[in-house]
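> File name run17.cif; file contents mmCIF, C-alpha atoms; full text below.
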data_work
loop_
_atom_site.label_atom_id
_atom_site.label_comp_id
_atom_site.auth_asym_id
_atom_site.auth_seq_id
_atom_site.Cartn_x
_atom_site.Cartn_y
_atom_site.Cartn_z
CA MET A 1 7.33 -14.73 -12.71
CA ALA A 2 6.03 -13.69 -16.10
CA GLY A 3 2.63 -12.06 -16.17
CA HIS A 4 2.33 -12.00 -12.40
CA SER A 5 2.17 -8.82 -10.37
CA GLN A 6 4.71 -8.66 -7.57
CA PHE A 7 2.38 -6.32 -5.64
CA LYS A 8 -0.76 -8.32 -6.41
CA ASN A 9 -0.81 -10.79 -3.53
CA ILE A 10 -1.19 -8.22 -0.76
CA MET A 11 -3.08 -5.54 -2.70
CA HIS A 12 -5.64 -8.03 -3.99
CA ARG A 13 -6.23 -9.51 -0.56
CA LYS A 14 -6.77 -6.07 0.94
CA GLY A 15 -9.11 -5.01 -1.84
CA ALA A 16 -11.15 -8.20 -1.76
CA GLN A 17 -11.97 -8.29 1.93
CA ASP A 18 -15.34 -6.54 1.81
CA ALA A 19 -16.12 -7.71 5.34
CA LYS A 20 -13.36 -5.38 6.52
CA ARG A 21 -14.68 -2.35 4.65
CA SER A 22 -15.30 -0.36 7.83
CA LYS A 23 -11.77 -1.01 9.07
CA MET A 24 -10.40 -0.07 5.63
CA PHE A 25 -12.33 3.20 5.71
CA ASN A 26 -10.81 3.95 9.13
CA LYS A 27 -7.31 3.45 7.73
CA LEU A 28 -8.04 5.60 4.67
CA ALA A 29 -9.54 8.32 6.86
CA ARG A 30 -6.47 8.32 9.10
CA GLU A 31 -4.18 8.75 6.08
CA ILE A 32 -6.34 11.64 4.83
CA THR A 33 -6.24 13.33 8.23
CA VAL A 34 -2.46 12.93 8.57
CA SER A 35 -1.95 14.13 4.98
CA ALA A 36 -4.07 17.22 5.61
CA LYS A 37 -2.07 17.97 8.77
CA SER A 38 1.28 17.50 7.02
CA GLY A 39 0.56 20.29 4.53
CA LEU A 40 -2.32 22.44 3.35
CA PRO A 41 -5.81 20.88 3.68
CA ASP A 42 -6.27 21.54 -0.04
CA PRO A 43 -5.68 18.52 -2.30
CA ALA A 44 -4.71 20.79 -5.22
CA ALA A 45 -1.76 22.08 -3.19
CA ASN A 46 -0.99 18.91 -1.22
CA PRO A 47 0.04 15.90 -3.38
CA ARG A 48 -0.06 13.46 -0.48
CA LEU A 49 -3.59 14.51 0.47
CA ARG A 50 -4.65 14.27 -3.13
CA ALA A 51 -3.35 10.71 -3.38
CA ALA A 52 -5.07 9.78 -0.10
CA ILE A 53 -8.39 11.10 -1.37
CA GLN A 54 -7.93 9.23 -4.66
CA ALA A 55 -7.32 6.00 -2.77
CA ALA A 56 -10.44 6.57 -0.67
CA ARG A 57 -12.58 7.26 -3.72
CA ALA A 58 -11.26 4.14 -5.44
CA GLN A 59 -12.66 2.16 -2.50
CA ASN A 60 -16.01 3.98 -2.72
CA MET A 61 -15.53 5.76 0.59
CA PRO A 62 -18.49 8.13 1.16
CA LYS A 63 -17.87 11.78 0.28
CA ASP A 64 -18.95 13.04 3.71
CA ARG A 65 -16.49 10.67 5.39
CA ILE A 66 -13.67 12.03 3.22
CA GLU A 67 -14.64 15.62 3.99
CA ARG A 68 -14.82 14.86 7.72
CA ALA A 69 -11.32 13.35 7.65
CA ILE A 70 -9.95 16.43 5.87
CA LYS A 71 -11.60 18.69 8.46
CA GLN A 72 -10.04 16.69 11.29
CA GLY A 73 -6.61 17.34 9.80
CA SER A 74 -7.25 21.05 9.24
CA PRO A 75 -6.28 23.77 11.75
CA GLY A 76 -8.64 23.56 14.70
CA GLY A 77 -9.62 20.00 13.83
CA ASP A 78 -9.03 16.73 15.68
CA ASP A 79 -6.41 16.89 18.44
CA ALA A 80 -5.22 13.34 17.69
CA ASN A 81 -1.53 13.37 16.83
CA TYR A 82 -0.59 10.44 14.60
CA GLU A 83 3.03 9.49 14.02
CA GLU A 84 4.38 7.63 11.01
CA VAL A 85 6.26 4.55 12.19
CA ARG A 86 7.99 1.80 10.22
CA TYR A 87 8.70 -1.69 11.52
CA GLU A 88 10.94 -4.24 9.83
CA GLY A 89 11.39 -7.91 10.42
CA TYR A 90 11.40 -11.46 9.12
CA GLY A 91 8.31 -13.60 8.71
CA PRO A 92 8.19 -17.40 8.47
CA GLY A 93 10.70 -18.84 6.03
CA GLY A 94 12.92 -15.78 6.40
CA VAL A 95 10.62 -13.58 4.29
CA ALA A 96 11.46 -9.89 4.74
CA LEU A 97 8.53 -7.67 5.76
CA ILE A 98 8.12 -3.91 6.14
CA VAL A 99 5.14 -2.66 8.14
CA GLU A 100 4.10 0.99 7.86
CA ALA A 101 1.82 2.43 10.53
CA LEU A 102 0.12 5.64 11.61
CA THR A 103 -0.28 5.61 15.38
CA ASP A 104 -1.17 7.82 18.32
CA ASN A 105 0.47 5.32 20.70
CA ARG A 106 3.84 3.92 19.62
CA ASN A 107 4.06 1.48 22.56
CA ARG A 108 0.69 -0.09 21.75
CA THR A 109 1.45 -0.45 18.06
CA ALA A 110 4.96 -1.85 18.62
CA ALA A 111 3.54 -4.44 21.04
CA GLU A 112 0.84 -5.49 18.54
CA VAL A 113 3.30 -5.81 15.66
CA ARG A 114 5.90 -7.66 17.75
CA SER A 115 3.25 -10.09 19.02
CA ALA A 116 1.99 -10.79 15.49
CA PHE A 117 5.49 -11.62 14.26
CA ALA A 118 6.25 -13.83 17.27
CA LYS A 119 2.99 -15.82 17.00
CA HIS A 120 3.54 -16.60 13.32
CA GLY A 121 7.13 -17.78 13.28
CA GLY A 122 8.71 -14.40 12.64
CA SER A 123 10.81 -11.86 14.50
CA LEU A 124 10.84 -8.09 14.57
CA GLY A 125 14.16 -6.45 13.77
CA GLU A 126 15.71 -3.02 14.02
CA THR A 127 14.91 -0.21 11.57
CA GLY A 128 17.02 -0.86 8.49
CA SER A 129 17.30 -4.60 9.10
CA VAL A 130 15.44 -5.49 5.88
CA ALA A 131 14.88 -2.17 4.07
CA PHE A 132 18.13 -2.70 2.14
CA MET A 133 16.37 -5.57 0.33
CA PHE A 134 13.87 -3.13 -1.18
CA SER A 135 13.91 0.02 -3.27
CA ARG A 136 11.54 2.93 -2.57
CA ILE A 137 9.47 3.70 -5.63
CA GLY A 138 6.33 5.45 -6.80
CA LEU A 139 3.50 3.08 -7.76
CA ILE A 140 0.45 4.12 -9.79
CA THR A 141 -2.32 1.66 -10.66
CA TYR A 142 -5.10 1.88 -13.23
CA PRO A 143 -7.80 -0.68 -14.06
CA ALA A 144 -6.94 -2.77 -17.11
CA SER A 145 -10.01 -1.34 -18.86
CA THR A 146 -8.52 2.19 -18.81
CA ALA A 147 -6.38 1.62 -21.90
CA GLY A 148 -4.59 -1.05 -23.89
CA ALA A 149 -1.20 -2.21 -22.66
CA GLU A 150 0.67 -0.48 -25.49
CA GLU A 151 -1.15 2.83 -25.07
CA MET A 152 -0.57 2.84 -21.31
CA PHE A 153 3.09 1.92 -21.77
CA GLU A 154 3.73 4.73 -24.23
CA ALA A 155 1.83 7.31 -22.20
CA ALA A 156 3.56 6.38 -18.96
CA LEU A 157 7.08 6.45 -20.42
CA GLU A 158 6.32 9.78 -22.07
CA ALA A 159 5.22 11.08 -18.65
CA GLY A 160 8.55 10.01 -17.12
CA ALA A 161 7.71 6.62 -15.62
CA GLU A 162 10.41 3.97 -15.25
CA ASN A 163 8.35 0.92 -16.15
CA VAL A 164 4.83 -0.34 -16.86
CA GLU A 165 3.48 -3.83 -16.29
CA SER A 166 0.02 -4.73 -17.55
CA PHE A 167 -1.96 -7.61 -16.12
CA GLU A 168 -5.43 -9.04 -16.56
CA GLU A 169 -6.88 -6.78 -13.87
CA ALA A 170 -4.63 -3.71 -13.79
CA HIS A 171 -1.79 -1.61 -15.15
CA GLU A 172 1.04 -0.95 -12.68
CA ILE A 173 3.24 2.04 -13.41
CA THR A 174 6.45 2.44 -11.42
CA THR A 175 8.36 5.70 -11.09
CA ALA A 176 11.34 7.11 -9.28
CA MET A 177 10.24 8.22 -5.83
CA GLU A 178 10.67 11.91 -6.64
CA ASP A 179 8.78 11.61 -9.96
CA LEU A 180 5.55 10.14 -8.56
CA SER A 181 3.56 13.39 -8.47
CA ALA A 182 4.58 14.56 -11.95
CA VAL A 183 3.88 11.19 -13.59
CA ARG A 184 0.56 10.84 -11.77
CA ASP A 185 -0.55 14.33 -12.87
CA ALA A 186 0.39 13.64 -16.51
CA LEU A 187 -1.46 10.31 -16.57
CA GLU A 188 -4.46 11.75 -14.75
CA ALA A 189 -4.80 14.45 -17.41
CA ARG A 190 -5.01 11.71 -20.05
CA PHE A 191 -6.75 8.79 -18.34
CA GLY A 192 -8.51 10.28 -15.32
CA THR A 193 -7.96 9.51 -11.65
CA PRO A 194 -5.91 6.35 -10.99
CA ASP A 195 -7.01 3.67 -8.54
CA SER A 196 -4.00 4.52 -6.42
CA ALA A 197 -0.82 6.58 -6.49
CA ARG A 198 1.56 6.08 -3.58
CA LEU A 199 5.09 5.35 -2.48
CA ALA A 200 5.80 1.64 -2.23
CA TRP A 201 8.56 -0.78 -1.28
CA LYS A 202 9.69 -2.91 -4.21
CA PRO A 203 11.74 -6.01 -3.36
CA LEU A 204 15.05 -6.25 -5.18
CA ASN A 205 14.64 -10.04 -5.24
CA THR A 206 11.72 -12.27 -4.29
CA VAL A 207 11.44 -15.64 -2.61
CA ALA A 208 8.78 -18.30 -3.28
CA PRO A 209 7.77 -19.97 0.01
CA ASP A 210 6.30 -23.48 0.01
CA ASP A 211 2.56 -23.84 0.65
CA GLU A 212 2.88 -24.45 4.40
CA THR A 213 5.13 -21.44 4.90
CA ALA A 214 2.96 -19.30 2.61
CA GLN A 215 -0.16 -20.16 4.63
CA THR A 216 1.47 -19.02 7.88
CA LEU A 217 2.90 -15.96 6.15
CA LEU A 218 -0.50 -14.89 4.82
CA LYS A 219 -2.01 -15.35 8.29
CA LEU A 220 0.67 -13.00 9.64
CA VAL A 221 -0.11 -10.44 6.93
CA ASP A 222 -3.83 -10.69 7.77
CA VAL A 223 -3.18 -10.18 11.48
CA LEU A 224 -1.01 -7.13 10.77
CA ASP A 225 -3.64 -5.83 8.36
CA ASP A 226 -6.30 -6.16 11.07
CA SER A 227 -4.51 -3.59 13.22
CA ASP A 228 -6.15 -0.17 13.01
CA ASP A 229 -2.68 1.38 13.11
CA VAL A 230 -1.11 -0.57 10.23
CA GLN A 231 -1.46 1.12 6.84
CA ASN A 232 0.68 -1.05 4.54
CA VAL A 233 2.53 -4.35 4.65
CA SER A 234 5.23 -5.03 2.06
CA GLY A 235 7.19 -8.22 1.59
CA ASN A 236 9.76 -9.84 -0.69
CA PHE A 237 7.69 -12.96 -1.28
CA GLU A 238 6.04 -14.15 -4.46
CA ILE A 239 3.15 -16.62 -4.36
CA SER A 240 1.89 -17.96 -7.67
CA ASP A 241 -1.78 -17.81 -8.64
CA GLU A 242 -1.86 -21.61 -8.52
CA ALA A 243 -0.52 -21.66 -4.96
CA MET A 244 -3.00 -18.95 -3.92
CA GLU A 245 -5.83 -21.11 -5.28
CA ARG A 246 -4.59 -24.13 -3.33
CA LEU A 247 -4.33 -22.11 -0.14
CA SER A 248 -7.81 -20.65 -0.64
CA ALA A 249 -9.42 -24.04 -1.27
#
How would this structure read if it were set down as structure tokens?


Amino acid sequence: MAGHSQFKNIMHRKGAQDAKRSKMFNKLAREITVSAKSGLPDPAANPRLRAAIQAARAQNMPKDRIERAIKQGSPGGDDANYEEVRYEGYGPGGVALIVEALTDNRNRTAAEVRSAFAKHGGSLGETGSVAFMFSRIGLITYPASTAGAEEMFEAALEAGAENVESFEEAHEITTAMEDLSAVRDALEARFGTPDSARLAWKPLNTVAPDDETAQTLLKLVDVLDDSDDVQNVSGNFEISDEAMERLSA
């Protein structure tokens, strides 16, 4: 779909739900804590932690909250032990969904995710049941005001990115999974801190559900998003701006 971001539907919905700011901060803080535990609690030496802090700052998370989350993930910090878990399944209309979570209780999270799928016309599958429909990539986003489309395109390709798509609200730079850190660092030196820099699931092909199916699908995504344990939801669906306006009316 020309001029339409394939990541926009979910990312925009997450970013626009100001009423859920507290819950969003909890998710960001959990990612910061886990990132700090997975390596050094120094963002300069820990790319994942650095990206987590960047994401938190992009959402205007208070500095003291960020520092507290880092401290919890440092030696002698919080005893909570979060695991990274991935769930895969089919939503209504056969849409493929990947749910990434950070949890301290796998049984609780699995039950929540399974219930959400079941209540919205979907079914949870085994690990690997839909991942083959996606490629794992690096995704970096900048506000559209950062630079013109041509300047961003040239800078990103020079930095080693695979592709750049510019939209009304943002530039989306995609990289090979292993090149994410290097491309992010090169672009940051030129344009400043990006809105986000993370690994993402990119669908190899997308499906366009009808309005009724899309409405149920978006309810499922919202329910999954409401879980404190769920960090990201990725899908192989594409909903046009016009359809989103109809569904929001």

> Hey, what's within 8 Å of Ala197 of chain A if we count all atoms listed in the file and toss same-chain stuff fewer than 4 positions away? As number ranges by chain, please?

A: 51, 54-55, 138-141, 180, 184

> For Thr216 of chain A, which residue out of A:Arg30, A:Val233, A:Gly93, A:Met133 is the nearest one, using all atoms listed in the file?

A:Gly93

> Quick one: which residues end up in the PyMOL selection byres ((chain A and resi 38) around 12) for this structure, as a PyMOL selection string?

chain A and resi 31-37+39-43+45-49+70+73-75+81-84

> In file coordinates, which residues lie within 9 Å of (5.7, -7.7, 8.2) using only C-alpha atoms, given as a tab-separated table (two decimals) with C-alpha atoms, in the frame of the given file?


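Everything below was put into point-v1.tsv:
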chain	number	residue	atom	x	y	z
A	87	TYR	CA	8.70	-1.69	11.52
A	88	GLU	CA	10.94	-4.24	9.83
A	89	GLY	CA	11.39	-7.91	10.42
A	90	TYR	CA	11.40	-11.46	9.12
A	91	GLY	CA	8.31	-13.60	8.71
A	95	VAL	CA	10.62	-13.58	4.29
A	96	ALA	CA	11.46	-9.89	4.74
A	97	LEU	CA	8.53	-7.67	5.76
A	98	ILE	CA	8.12	-3.91	6.14
A	99	VAL	CA	5.14	-2.66	8.14
A	100	GLU	CA	4.10	0.99	7.86
A	113	VAL	CA	3.30	-5.81	15.66
A	116	ALA	CA	1.99	-10.79	15.49
A	117	PHE	CA	5.49	-11.62	14.26
A	122	GLY	CA	8.71	-14.40	12.64
A	124	LEU	CA	10.84	-8.09	14.57
A	217	LEU	CA	2.90	-15.96	6.15
A	220	LEU	CA	0.67	-13.00	9.64
A	221	VAL	CA	-0.11	-10.44	6.93
A	224	LEU	CA	-1.01	-7.13	10.77
A	233	VAL	CA	2.53	-4.35	4.65
A	234	SER	CA	5.23	-5.03	2.06
A	235	GLY	CA	7.19	-8.22	1.59

> Counting only C-alpha atoms, which of A:Ser145, A:Asp195, A:Gly76, A:Pro92 gets nearest to Gly121 of chain A?

A:Pro92
